[in-house]
file final28.txt (compact mmCIF, C-alpha atoms and all ligand atoms)
# COMPACT_ATOMS: atom_id res chain seq x y z
CA MET B 24 22.57 -29.09 78.13
CA PHE B 25 20.35 -26.22 79.20
CA LEU B 26 20.38 -23.32 81.64
CA ILE B 27 18.32 -23.31 84.82
CA ASN B 28 17.45 -20.13 86.68
CA CYS B 29 17.97 -21.09 90.34
CA PRO B 30 15.51 -18.99 92.41
CA TYR B 31 18.36 -18.19 94.82
CA CYS B 32 21.58 -18.00 92.73
CA GLY B 33 20.41 -17.03 89.24
CA GLU B 34 21.09 -18.61 85.88
CA ARG B 35 23.42 -21.61 85.96
CA ASP B 36 24.35 -24.56 83.80
CA GLN B 37 22.29 -27.74 84.12
CA SER B 38 25.38 -29.70 85.25
CA GLU B 39 25.22 -27.90 88.62
CA PHE B 40 21.75 -29.35 89.31
CA SER B 41 20.24 -32.72 90.16
CA SER B 42 16.75 -33.75 89.17
CA GLY B 43 14.49 -34.94 91.96
CA GLY B 44 11.72 -36.37 89.80
CA GLU B 45 8.03 -35.50 89.65
CA ALA B 46 6.82 -32.78 92.01
CA HIS B 47 3.68 -32.49 94.14
CA ILE B 48 3.36 -36.15 95.07
CA GLU B 49 1.85 -36.10 98.54
CA ARG B 50 2.84 -38.69 101.08
CA PRO B 51 -0.29 -40.56 102.22
CA LYS B 52 -1.41 -39.42 105.67
CA GLN B 53 -1.96 -42.97 106.97
CA PRO B 54 0.54 -45.24 105.17
CA THR B 55 -0.40 -48.24 107.33
CA GLU B 56 -3.97 -48.17 106.03
CA LEU B 57 -2.93 -48.51 102.39
CA SER B 58 -2.93 -51.73 100.42
CA ASP B 59 0.40 -52.90 98.97
CA ASP B 60 -0.71 -51.77 95.53
CA GLU B 61 -1.61 -48.27 96.75
CA TRP B 62 1.70 -47.97 98.61
CA ALA B 63 3.62 -49.13 95.53
CA ASP B 64 1.71 -46.55 93.51
CA PHE B 65 2.89 -43.78 95.83
CA LEU B 66 6.48 -45.03 95.92
CA PHE B 67 7.17 -45.99 92.33
CA MET B 68 4.52 -44.97 89.83
CA ARG B 69 5.31 -41.74 88.00
CA LYS B 70 3.52 -40.09 85.10
CA ASN B 71 6.67 -39.77 82.94
CA ILE B 72 4.76 -37.84 80.31
CA LYS B 73 5.90 -36.42 77.01
CA GLY B 74 5.08 -32.74 77.39
CA ILE B 75 4.78 -30.32 80.27
CA GLN B 76 5.83 -31.87 83.57
CA PHE B 77 6.17 -30.46 87.10
CA GLU B 78 9.48 -31.51 88.64
CA ARG B 79 11.64 -31.03 91.71
CA TRP B 80 15.24 -29.95 91.20
CA ASN B 81 18.13 -29.38 93.58
CA HIS B 82 20.99 -26.93 93.03
CA SER B 83 23.37 -29.60 94.31
CA HIS B 84 26.64 -27.94 93.28
CA GLY B 85 25.52 -24.44 94.27
CA CYS B 86 23.26 -23.33 97.11
CA ARG B 87 21.96 -26.90 97.68
CA LYS B 88 18.34 -25.69 97.85
CA TRP B 89 15.36 -27.56 96.42
CA PHE B 90 12.87 -25.85 94.13
CA ASN B 91 10.18 -26.70 91.57
CA LEU B 92 10.50 -26.44 87.83
CA ILE B 93 8.01 -26.81 84.97
CA ARG B 94 9.69 -28.44 81.99
CA ASP B 95 8.51 -29.65 78.62
CA THR B 96 10.12 -33.09 78.48
CA SER B 97 9.94 -33.18 74.69
CA ASN B 98 12.23 -30.20 74.13
CA ASP B 99 13.63 -29.26 77.59
CA LYS B 100 11.98 -25.84 77.41
CA ILE B 101 11.45 -24.45 80.93
CA HIS B 102 8.02 -22.89 81.50
CA GLY B 103 8.38 -21.76 85.09
CA ILE B 104 10.39 -22.00 88.30
CA TYR B 105 9.01 -21.54 91.82
CA LYS B 106 10.18 -22.15 95.36
CA MET B 107 9.21 -25.08 97.55
CA GLY B 108 5.84 -24.49 99.23
CA GLU B 109 4.70 -22.00 96.59
CA LYS B 110 1.70 -22.59 94.33
CA PRO B 111 2.65 -23.57 90.77
CA PRO B 112 2.14 -20.78 88.23
CA LYS B 113 -0.37 -21.28 85.40
CA VAL B 114 1.20 -22.65 82.22
CA MET I 2 41.79 -26.34 114.73
CA LEU I 3 42.69 -29.99 114.83
CA ASP I 4 46.22 -31.11 114.23
CA ILE I 5 45.65 -32.22 110.65
CA LYS I 6 48.29 -32.33 107.96
CA LEU I 7 47.75 -29.63 105.37
CA PRO I 8 48.64 -30.11 101.73
CA GLU I 9 52.02 -28.70 100.75
CA PHE I 10 51.66 -26.72 97.54
CA GLU I 11 54.61 -24.61 96.54
CA LYS I 12 53.88 -21.22 95.06
CA LYS I 13 53.72 -21.34 91.24
CA VAL I 14 54.15 -18.51 88.78
CA TYR I 15 52.76 -18.55 85.23
CA PRO I 16 52.29 -15.71 82.71
CA GLU I 17 50.00 -13.18 84.48
CA LEU I 18 49.03 -15.80 87.06
CA GLU I 19 50.32 -16.67 90.53
CA LEU I 20 49.01 -19.63 92.51
CA SER I 21 49.60 -20.14 96.21
CA LEU I 22 48.17 -21.95 99.20
CA LEU I 23 46.39 -19.73 101.72
CA GLU I 24 46.67 -22.03 104.71
CA PRO I 25 46.26 -22.30 107.61
CA SER I 26 43.08 -20.21 107.50
CA TYR I 27 40.18 -20.12 109.89
CA LYS I 28 36.79 -21.10 108.45
CA ILE I 29 33.40 -21.25 110.10
CA ASN I 30 30.14 -22.32 108.54
CA LEU I 31 27.12 -20.38 109.87
CA ARG I 32 23.50 -21.37 109.38
CA GLY I 33 20.38 -19.65 110.58
CA LYS I 34 17.42 -17.64 109.41
CA ASN I 35 15.58 -15.82 112.17
CA ARG I 36 16.12 -12.21 113.17
CA ASP I 37 17.92 -13.07 116.44
CA PHE I 38 20.43 -15.08 114.46
CA PHE I 39 21.25 -12.10 112.23
CA THR I 40 21.53 -9.74 115.19
CA LYS I 41 23.84 -12.06 117.15
CA ALA I 42 26.01 -12.88 114.14
CA GLY I 43 26.27 -9.22 113.18
CA LYS I 44 27.30 -8.21 116.69
CA LEU I 45 29.90 -10.95 117.18
CA LEU I 46 31.48 -10.62 113.74
CA SER I 47 31.12 -6.81 113.54
CA ILE I 48 29.84 -7.48 110.05
CA MET I 49 26.34 -7.72 108.56
CA LEU I 50 25.92 -11.09 106.91
CA PRO I 51 25.35 -10.41 103.20
CA ILE I 52 21.76 -11.22 102.19
CA GLU I 53 22.19 -10.48 98.51
CA SER I 54 22.94 -13.72 96.64
CA ASN I 55 26.47 -14.38 95.36
CA THR I 56 28.08 -11.55 97.35
CA SER I 57 30.51 -11.20 100.26
CA ALA I 58 31.14 -8.75 103.07
CA ASN I 59 34.48 -7.98 104.62
CA ILE I 60 35.90 -6.13 107.59
CA LYS I 61 39.58 -6.21 108.52
CA ASN I 62 40.66 -9.86 108.30
CA ILE I 63 37.16 -11.38 108.42
CA ASN I 64 35.23 -12.34 105.27
CA ALA I 65 31.60 -13.47 105.18
CA LEU I 66 30.51 -15.28 102.02
CA TRP I 67 26.87 -15.81 101.01
CA LEU I 68 26.34 -19.52 100.28
CA SER I 69 22.54 -19.76 100.33
CA PRO I 70 19.64 -17.80 101.90
CA ASP I 71 20.44 -19.36 105.29
CA GLU I 72 24.11 -20.29 105.09
CA TRP I 73 27.36 -18.32 105.18
CA LEU I 74 31.07 -19.09 105.26
CA ILE I 75 33.19 -16.95 107.55
CA TYR I 76 36.92 -17.10 106.89
CA GLY I 77 40.18 -15.29 107.34
CA LYS I 78 43.76 -15.43 108.48
CA ASP I 79 44.67 -14.94 112.15
CA ILE I 80 41.10 -14.79 113.41
CA ASP I 81 40.80 -14.64 117.18
CA LYS I 82 39.98 -18.14 118.47
CA ASN I 83 37.46 -16.62 120.89
CA LEU I 84 35.23 -15.77 117.95
CA GLU I 85 34.25 -19.39 117.50
CA ILE I 86 33.66 -19.84 121.23
CA ASN I 87 31.46 -16.74 121.33
CA LEU I 88 29.52 -17.78 118.25
CA ASN I 89 28.96 -21.20 119.79
CA ASN I 90 27.82 -19.77 123.10
CA GLU I 91 25.53 -17.11 121.71
CA ILE I 92 24.14 -18.77 118.57
CA SER I 93 24.54 -22.53 118.70
CA LYS I 94 23.85 -23.13 122.38
CA LEU I 95 20.85 -20.79 122.38
CA LYS I 96 19.52 -22.58 119.28
CA TYR I 97 19.41 -19.48 117.04
CA GLY I 98 21.41 -21.29 114.38
CA SER I 99 24.33 -23.62 113.86
CA VAL I 100 28.07 -22.95 113.99
CA THR I 101 30.55 -25.42 112.52
CA ASN I 102 34.31 -25.11 112.33
CA VAL I 103 35.22 -26.19 108.80
CA SER I 104 38.85 -25.03 108.87
CA ASP I 105 40.15 -28.47 108.02
CA GLN I 106 37.41 -29.33 105.57
CA TRP I 107 38.27 -26.70 102.97
CA VAL I 108 41.63 -25.73 101.49
CA ILE I 109 42.08 -22.24 100.03
CA ILE I 110 44.12 -21.69 96.90
CA ASN I 111 44.80 -18.05 96.05
CA PHE I 112 44.90 -16.89 92.42
CA LYS I 113 46.42 -13.56 91.39
CA GLY I 114 46.78 -12.02 87.94
CA LYS I 115 45.00 -11.22 84.71
CA ASN I 116 44.75 -14.82 83.58
CA ILE I 117 42.68 -16.20 86.50
CA PHE I 118 39.50 -16.57 84.47
CA GLU I 119 41.31 -17.94 81.43
CA VAL I 120 42.26 -20.94 83.56
CA LEU I 121 38.95 -21.31 85.43
CA SER I 122 36.94 -21.11 82.20
CA LYS I 123 38.72 -24.20 80.91
CA GLY I 124 36.93 -26.44 83.36
CA SER I 125 33.85 -24.68 84.72
CA PRO I 126 30.28 -24.44 83.41
CA PHE I 127 29.93 -20.99 85.05
CA ASN I 128 29.80 -17.87 82.86
CA PHE I 129 32.52 -15.57 84.26
CA ASN I 130 31.77 -12.59 81.96
CA ASP I 131 30.11 -10.42 84.63
CA PHE I 132 31.84 -12.03 87.59
CA LYS I 133 35.37 -11.08 86.56
CA GLY I 134 34.59 -7.38 86.50
CA LYS I 135 33.20 -7.26 90.05
CA LYS I 136 34.82 -7.55 93.46
CA ASN I 137 33.26 -9.05 96.60
CA VAL I 138 31.37 -11.64 94.58
CA VAL I 139 31.03 -15.33 95.33
CA VAL I 140 30.02 -18.34 93.30
CA GLN I 141 29.66 -22.01 94.14
CA THR I 142 30.18 -24.07 91.04
CA LEU I 143 32.21 -26.90 89.52
CA LEU I 144 35.81 -26.88 88.35
CA ASN I 145 36.95 -29.98 86.54
CA ASN I 146 33.86 -31.66 88.08
CA VAL I 147 34.99 -30.80 91.62
CA ASP I 148 32.82 -28.61 93.89
CA VAL I 149 34.44 -25.24 94.52
CA ILE I 150 33.59 -21.91 96.14
CA LEU I 151 35.14 -18.93 94.36
CA HIS I 152 35.57 -15.63 96.18
CA HIS I 153 36.61 -12.76 93.93
CA GLN I 154 37.77 -10.44 96.69
CA GLU I 155 39.59 -7.87 94.57
CA ILE I 156 39.84 -7.53 90.81
CA ASN I 157 42.32 -10.21 89.69
CA ASP I 158 42.66 -11.62 93.22
CA LEU I 159 40.55 -14.69 93.93
CA ASN I 160 40.35 -17.36 96.61
CA LEU I 161 39.25 -20.84 95.58
CA PHE I 162 37.90 -23.21 98.24
CA VAL I 163 38.10 -26.93 97.55
CA ARG I 164 37.43 -29.89 99.86
CA LYS I 165 40.73 -31.12 101.24
CA SER I 166 40.48 -34.64 99.82
CA PHE I 167 40.05 -33.18 96.31
CA SER I 168 42.65 -30.45 96.70
CA GLU I 169 45.72 -32.28 95.47
CA HIS I 170 43.98 -33.50 92.34
CA LEU I 171 42.53 -30.08 91.59
CA TRP I 172 45.87 -28.35 92.26
CA LEU I 173 47.51 -30.59 89.66
CA TRP I 174 44.71 -29.91 87.18
CA ILE I 175 44.96 -26.14 87.74
CA ASN I 176 48.71 -26.25 87.21
CA ASP I 177 48.36 -28.33 84.06
CA SER I 178 45.79 -25.90 82.69
CA SER I 179 47.89 -22.88 83.61
CA ARG I 180 50.76 -24.11 81.46
CA PHE I 181 48.63 -23.63 78.35
CA ILE I 182 47.02 -20.25 78.86
ZN ZN O 201 21.16 -22.05 93.81
call {"tool": "encode", "arguments": {"input": "final28.txt", "output": "structure tokens", "more": "lines below"}}
Ligand SMILES: [Zn+2]
result
Amino acid sequence: MFLINCPYCGERDQSEFSSGGEAHIERPKQPTELSDDEWADFLFMRKNIKGIQFERWNHSHGCRKWFNLIRDTSNDKIHGIYKMGEKPPKV
Amino acid sequence: MLDIKLPEFEKKVYPELELSLLEPSYKINLRGKNRDFFTKAGKLLSIMLPIESNTSANIKNINALWLSPDEWLIYGKDIDKNLEINLNNEISKLKYGSVTNVSDQWVIINFKGKNIFEVLSKGSPFNFNDFKGKKNVVVQTLLNNVDVILHHQEINDLNLFVRKSFSEHLWLWINDSSRFI
């Protein structure tokens, strides 16, 4: 269990949030021009690294807003939180 | 309001805690973000929608709760039915925002007394330390894993909003917990 500082509501318990997986994966502009492998890459393949990862989170039991979070997956330490559409801060 | 059967919870009294159902109440969900939306809503409700997170505004029998940067819950007893019609005509129909009557979606349980937060703390991940000392504050959180909106309107006087289908279960849980304060 850890605390997450929702950019809208403030500090709340992790149980109020849902993880939305890796952030900053851009949808291909012309999906029909991709090969099956490239499309599968976009849909399914995630880095799933041990270390600092950029993720999307939703405050599902609070304000229901999406935001981005930088988390070290090895120890759950949070290195930054920023709103959707904002540039990620330097870590 | 539709003709929907409301739950029947009898008033309960525990040491320094009173629980009662605050129904029927009128509830409207408001969504919008542009300046026209705020102007229209402010004029029709005679209340400025609170923009500070986790707060509420109140005038006479109308309460406006902050739910997110572009969503509010308006509620109260004996609200003039024309309010919803006017909001619909001047906000929804003109596409400044959306207006939804959620009177039958939420059930309000009123808590009074010094032991409110003793009971809520038993089943919520929210830290009530600062919250309990302030009035006109709002939080959306979990209670016994059920989504709730808590409106601390006066010190030791709180309204809890729970979705109607969960209300009976949560009412029983609250009463169970209140027996062991
Ligand atoms: Zn939030």
call {"tool": "interface_residues", "arguments": {"input": "final28.txt", "of": "chain I", "to": "chain B", "cutoff": "6 Å", "atoms": "all atoms listed in the file", "output": "ChimeraX atom specification"}}
result
/I:54,68-69,126,141-142
call {"tool": "write_last_selection", "arguments": {"input": "final28.txt", "atoms": "C-alpha atoms", "output": "PDB file, keeping the file's coordinate frame"}}
result
ATOM      1  CA  SER I  54      22.940 -13.720  96.640  1.00  0.00           C
ATOM      2  CA  LEU I  68      26.340 -19.520 100.280  1.00  0.00           C
ATOM      3  CA  SER I  69      22.540 -19.760 100.330  1.00  0.00           C
ATOM      4  CA  PRO I 126      30.280 -24.440  83.410  1.00  0.00           C
ATOM      5  CA  GLN I 141      29.660 -22.010  94.140  1.00  0.00           C
ATOM      6  CA  THR I 142      30.180 -24.070  91.040  1.00  0.00           C
TER       7      THR I 142
END
call {"tool": "residues_near_point", "arguments": {"input": "final28.txt", "point": "(45.2, -22.9, 100.2)", "cutoff": "9 Å", "atoms": "all atoms listed in the file", "output": "ChimeraX atom specification"}}
result
/I:7-10,21-26,107-111,160-163,168
call {"tool": "write_last_selection", "arguments": {"input": "final28.txt", "atoms": "C-alpha atoms", "output": "tab-separated table (two decimals), in the coordinates of the input"}}
result
chain	number	residue	atom	x	y	z
I	7	LEU	CA	47.75	-29.63	105.37
I	8	PRO	CA	48.64	-30.11	101.73
I	9	GLU	CA	52.02	-28.70	100.75
I	10	PHE	CA	51.66	-26.72	97.54
I	21	SER	CA	49.60	-20.14	96.21
I	22	LEU	CA	48.17	-21.95	99.20
I	23	LEU	CA	46.39	-19.73	101.72
I	24	GLU	CA	46.67	-22.03	104.71
I	25	PRO	CA	46.26	-22.30	107.61
I	26	SER	CA	43.08	-20.21	107.50
I	107	TRP	CA	38.27	-26.70	102.97
I	108	VAL	CA	41.63	-25.73	101.49
I	109	ILE	CA	42.08	-22.24	100.03
I	110	ILE	CA	44.12	-21.69	96.90
I	111	ASN	CA	44.80	-18.05	96.05
I	160	ASN	CA	40.35	-17.36	96.61
I	161	LEU	CA	39.25	-20.84	95.58
I	162	PHE	CA	37.90	-23.21	98.24
I	163	VAL	CA	38.10	-26.93	97.55
I	168	SER	CA	42.65	-30.45	96.70
call {"tool": "closest_residue", "arguments": {"input": "final28.txt", "among": "B:Asn98, B:Asn91, B:Ser58, B:Asn28", "to": "ligand ZN 201 (chain O)", "atoms": "all atoms listed in the file"}}
result
B:Asn28
call {"tool": "residues_around", "arguments": {"input": "final28.txt", "residues": "Ile80 in chain I", "least_positions_apart": "2", "cutoff": "12 Å", "atoms": "only C-alpha atoms", "output": "list of chain:residue names"}}
result
I:Met2, I:Pro25, I:Ser26, I:Tyr27, I:Lys28, I:Ile29, I:Leu46, I:Ile60, I:Lys61, I:Asn62, I:Ile63, I:Asn64, I:Ile75, I:Tyr76, I:Gly77, I:Lys78, I:Lys82, I:Asn83, I:Leu84, I:Glu85, I:Ile86, I:Ser104
call {"tool": "atom_distance", "arguments": {"input": "final28.txt", "atom1": "CA of Ile150 in chain I", "atom2": "CA of Ala46 in chain B"}}
result
29.2 Å
call {"tool": "residues_around", "arguments": {"input": "final28.txt", "residues": "Glu109 in chain B", "least_positions_apart": "2", "cutoff": "12 Å", "atoms": "all atoms listed in the file", "output": "list in words"}}
result
Pro30, Ala46, His47, Phe90, Asn91, Leu92, Ile104, Tyr105, Lys106, Met107, Pro111 and Pro112 of chain B
call {"tool": "closest_residue", "arguments": {"input": "final28.txt", "among": "I:Asn130, I:Asn55, I:Asn30, I:Ser47", "to": "ligand ZN 201 (chain O)", "atoms": "only C-alpha atoms and all ligand atoms"}}
result
I:Asn55
call {"tool": "atom_distance", "arguments": {"input": "final28.txt", "atom1": "CA of Phe67 in chain B", "atom2": "CA of His102 in chain B"}}
result
25.5 Å
call {"tool": "residues_near_point", "arguments": {"input": "final28.txt", "point": "(34.9, -9.2, 87.2)", "cutoff": "12 Å", "atoms": "all atoms listed in the file", "output": "list of chain:residue names"}}
result
I:Lys115, I:Asn116, I:Ile117, I:Phe118, I:Asn128, I:Phe129, I:Asn130, I:Asp131, I:Phe132, I:Lys133, I:Gly134, I:Lys135, I:Lys136, I:Asn137, I:Val138, I:Val139, I:His152, I:His153, I:Gln154, I:Glu155, I:Ile156, I:Asn157, I:Asp158, I:Leu159
call {"tool": "closest_residue", "arguments": {"input": "final28.txt", "among": "B:Asn81, B:Gln53, B:Ile48, B:Gly43", "to": "ligand ZN 201 (chain O)", "atoms": "all atoms listed in the file"}}
result
B:Asn81
call {"tool": "atom_distance", "arguments": {"input": "final28.txt", "atom1": "CA of Arg50 in chain B", "atom2": "CA of Ser99 in chain I"}}
result
29.2 Å
call {"tool": "residues_around", "arguments": {"input": "final28.txt", "residues": "Asp99 in chain B", "least_positions_apart": "4", "cutoff": "9 Å", "atoms": "all atoms listed in the file", "output": "PDB file with C-alpha atoms, in the coordinates of the input"}}
result
ATOM      1  CA  MET B  24      22.570 -29.090  78.130  1.00  0.00           C
ATOM      2  CA  PHE B  25      20.350 -26.220  79.200  1.00  0.00           C
ATOM      3  CA  ARG B  94       9.690 -28.440  81.990  1.00  0.00           C
ATOM      4  CA  ASP B  95       8.510 -29.650  78.620  1.00  0.00           C
TER       5      ASP B  95
END
call {"tool": "decode", "arguments": {"input": "final28.txt", "residues": "range 81-92 of chain B", "atoms": "all heavy atoms", "output": "PDB file, in the first residue's frame"}}
result
ATOM      1  N   ASN B  81      -5.779   6.284 -12.737  1.00  0.00           N
ATOM      2  CA  ASN B  81      -7.090   6.925 -12.659  1.00  0.00           C
ATOM      3  C   ASN B  81      -7.545   6.958 -11.202  1.00  0.00           C
ATOM      4  O   ASN B  81      -7.449   5.947 -10.506  1.00  0.00           O
ATOM      5  CB  ASN B  81      -8.091   6.130 -13.511  1.00  0.00           C
ATOM      6  CG  ASN B  81      -9.466   6.764 -13.523  1.00  0.00           C
ATOM      7  OD1 ASN B  81     -10.358   6.334 -12.809  1.00  0.00           O
ATOM      8  ND2 ASN B  81      -9.643   7.803 -14.305  1.00  0.00           N
ATOM      9  N   HIS B  82      -8.038   8.122 -10.769  1.00  0.00           N
ATOM     10  CA  HIS B  82      -8.563   8.215  -9.399  1.00  0.00           C
ATOM     11  C   HIS B  82     -10.008   7.706  -9.409  1.00  0.00           C
ATOM     12  O   HIS B  82     -10.958   8.474  -9.281  1.00  0.00           O
ATOM     13  CB  HIS B  82      -8.474   9.662  -8.904  1.00  0.00           C
ATOM     14  CG  HIS B  82      -8.683   9.794  -7.425  1.00  0.00           C
ATOM     15  ND1 HIS B  82      -8.794  10.998  -6.798  1.00  0.00           N
ATOM     16  CD2 HIS B  82      -8.804   8.848  -6.456  1.00  0.00           C
ATOM     17  CE1 HIS B  82      -8.986  10.801  -5.499  1.00  0.00           C
ATOM     18  NE2 HIS B  82      -8.998   9.507  -5.272  1.00  0.00           N
ATOM     19  N   SER B  83     -10.143   6.393  -9.570  1.00  0.00           N
ATOM     20  CA  SER B  83     -11.454   5.811  -9.890  1.00  0.00           C
ATOM     21  C   SER B  83     -12.477   5.925  -8.764  1.00  0.00           C
ATOM     22  O   SER B  83     -13.672   5.954  -9.017  1.00  0.00           O
ATOM     23  CB  SER B  83     -11.290   4.351 -10.298  1.00  0.00           C
ATOM     24  OG  SER B  83     -10.392   3.700  -9.443  1.00  0.00           O
ATOM     25  N   HIS B  84     -12.027   5.968  -7.508  1.00  0.00           N
ATOM     26  CA  HIS B  84     -13.000   6.107  -6.418  1.00  0.00           C
ATOM     27  C   HIS B  84     -12.988   7.521  -5.844  1.00  0.00           C
ATOM     28  O   HIS B  84     -13.428   7.749  -4.716  1.00  0.00           O
ATOM     29  CB  HIS B  84     -12.721   5.070  -5.325  1.00  0.00           C
ATOM     30  CG  HIS B  84     -12.796   3.666  -5.832  1.00  0.00           C
ATOM     31  ND1 HIS B  84     -13.984   3.068  -6.171  1.00  0.00           N
ATOM     32  CD2 HIS B  84     -11.834   2.759  -6.102  1.00  0.00           C
ATOM     33  CE1 HIS B  84     -13.731   1.841  -6.613  1.00  0.00           C
ATOM     34  NE2 HIS B  84     -12.450   1.633  -6.590  1.00  0.00           N
ATOM     35  N   GLY B  85     -12.474   8.474  -6.625  1.00  0.00           N
ATOM     36  CA  GLY B  85     -12.463   9.869  -6.187  1.00  0.00           C
ATOM     37  C   GLY B  85     -12.994  10.735  -7.303  1.00  0.00           C
ATOM     38  O   GLY B  85     -14.151  10.596  -7.697  1.00  0.00           O
ATOM     39  N   CYS B  86     -12.114  11.576  -7.882  1.00  0.00           N
ATOM     40  CA  CYS B  86     -12.578  12.514  -8.903  1.00  0.00           C
ATOM     41  C   CYS B  86     -12.722  11.874 -10.290  1.00  0.00           C
ATOM     42  O   CYS B  86     -13.213  12.505 -11.211  1.00  0.00           O
ATOM     43  CB  CYS B  86     -11.613  13.694  -8.980  1.00  0.00           C
ATOM     44  SG  CYS B  86      -9.943  13.210  -9.465  1.00  0.00           S
ATOM     45  N   ARG B  87     -12.279  10.618 -10.439  1.00  0.00           N
ATOM     46  CA  ARG B  87     -12.389   9.869 -11.695  1.00  0.00           C
ATOM     47  C   ARG B  87     -11.603  10.509 -12.845  1.00  0.00           C
ATOM     48  O   ARG B  87     -11.944  10.327 -14.005  1.00  0.00           O
ATOM     49  CB  ARG B  87     -13.865   9.672 -12.097  1.00  0.00           C
ATOM     50  CG  ARG B  87     -14.614   8.802 -11.104  1.00  0.00           C
ATOM     51  CD  ARG B  87     -16.048   8.630 -11.485  1.00  0.00           C
ATOM     52  NE  ARG B  87     -16.729   9.904 -11.529  1.00  0.00           N
ATOM     53  CZ  ARG B  87     -17.132  10.564 -10.468  1.00  0.00           C
ATOM     54  NH1 ARG B  87     -16.925  10.082  -9.271  1.00  0.00           N
ATOM     55  NH2 ARG B  87     -17.753  11.710 -10.574  1.00  0.00           N
ATOM     56  N   LYS B  88     -10.547  11.260 -12.518  1.00  0.00           N
ATOM     57  CA  LYS B  88      -9.701  11.861 -13.561  1.00  0.00           C
ATOM     58  C   LYS B  88      -8.463  10.998 -13.788  1.00  0.00           C
ATOM     59  O   LYS B  88      -7.946  10.386 -12.855  1.00  0.00           O
ATOM     60  CB  LYS B  88      -9.246  13.268 -13.121  1.00  0.00           C
ATOM     61  CG  LYS B  88     -10.371  14.279 -13.091  1.00  0.00           C
ATOM     62  CD  LYS B  88     -10.653  14.800 -14.469  1.00  0.00           C
ATOM     63  CE  LYS B  88     -11.875  15.682 -14.473  1.00  0.00           C
ATOM     64  NZ  LYS B  88     -12.545  15.716 -15.758  1.00  0.00           N
ATOM     65  N   TRP B  89      -7.994  11.004 -15.044  1.00  0.00           N
ATOM     66  CA  TRP B  89      -6.755  10.321 -15.392  1.00  0.00           C
ATOM     67  C   TRP B  89      -5.578  11.276 -15.187  1.00  0.00           C
ATOM     68  O   TRP B  89      -5.718  12.489 -15.359  1.00  0.00           O
ATOM     69  CB  TRP B  89      -6.779   9.889 -16.857  1.00  0.00           C
ATOM     70  CG  TRP B  89      -7.643   8.710 -17.126  1.00  0.00           C
ATOM     71  CD1 TRP B  89      -8.955   8.734 -17.495  1.00  0.00           C
ATOM     72  CD2 TRP B  89      -7.275   7.327 -17.037  1.00  0.00           C
ATOM     73  NE1 TRP B  89      -9.423   7.440 -17.647  1.00  0.00           N
ATOM     74  CE2 TRP B  89      -8.420   6.565 -17.382  1.00  0.00           C
ATOM     75  CE3 TRP B  89      -6.092   6.664 -16.705  1.00  0.00           C
ATOM     76  CZ2 TRP B  89      -8.411   5.178 -17.394  1.00  0.00           C
ATOM     77  CZ3 TRP B  89      -6.091   5.278 -16.732  1.00  0.00           C
ATOM     78  CH2 TRP B  89      -7.238   4.549 -17.066  1.00  0.00           C
ATOM     79  N   PHE B  90      -4.422  10.706 -14.847  1.00  0.00           N
ATOM     80  CA  PHE B  90      -3.201  11.506 -14.766  1.00  0.00           C
ATOM     81  C   PHE B  90      -2.004  10.573 -14.964  1.00  0.00           C
ATOM     82  O   PHE B  90      -2.170   9.351 -15.066  1.00  0.00           O
ATOM     83  CB  PHE B  90      -3.107  12.252 -13.425  1.00  0.00           C
ATOM     84  CG  PHE B  90      -3.158  11.357 -12.218  1.00  0.00           C
ATOM     85  CD1 PHE B  90      -2.005  10.851 -11.660  1.00  0.00           C
ATOM     86  CD2 PHE B  90      -4.374  11.011 -11.652  1.00  0.00           C
ATOM     87  CE1 PHE B  90      -2.051  10.006 -10.558  1.00  0.00           C
ATOM     88  CE2 PHE B  90      -4.433  10.165 -10.558  1.00  0.00           C
ATOM     89  CZ  PHE B  90      -3.270   9.659 -10.002  1.00  0.00           C
ATOM     90  N   ASN B  91      -0.814  11.151 -15.067  1.00  0.00           N
ATOM     91  CA  ASN B  91       0.398  10.355 -15.245  1.00  0.00           C
ATOM     92  C   ASN B  91       1.203  10.313 -13.960  1.00  0.00           C
ATOM     93  O   ASN B  91       1.176  11.259 -13.171  1.00  0.00           O
ATOM     94  CB  ASN B  91       1.265  10.967 -16.351  1.00  0.00           C
ATOM     95  CG  ASN B  91       0.586  10.910 -17.695  1.00  0.00           C
ATOM     96  OD1 ASN B  91       0.220   9.852 -18.181  1.00  0.00           O
ATOM     97  ND2 ASN B  91       0.393  12.085 -18.290  1.00  0.00           N
ATOM     98  N   LEU B  92       1.911   9.222 -13.799  1.00  0.00           N
ATOM     99  CA  LEU B  92       2.682   9.026 -12.575  1.00  0.00           C
ATOM    100  C   LEU B  92       4.006   8.339 -12.929  1.00  0.00           C
ATOM    101  O   LEU B  92       4.040   7.470 -13.790  1.00  0.00           O
ATOM    102  CB  LEU B  92       1.830   8.160 -11.651  1.00  0.00           C
ATOM    103  CG  LEU B  92       2.261   7.817 -10.241  1.00  0.00           C
ATOM    104  CD1 LEU B  92       1.009   7.675  -9.384  1.00  0.00           C
ATOM    105  CD2 LEU B  92       3.031   6.533 -10.191  1.00  0.00           C
TER     106      LEU B  92
END
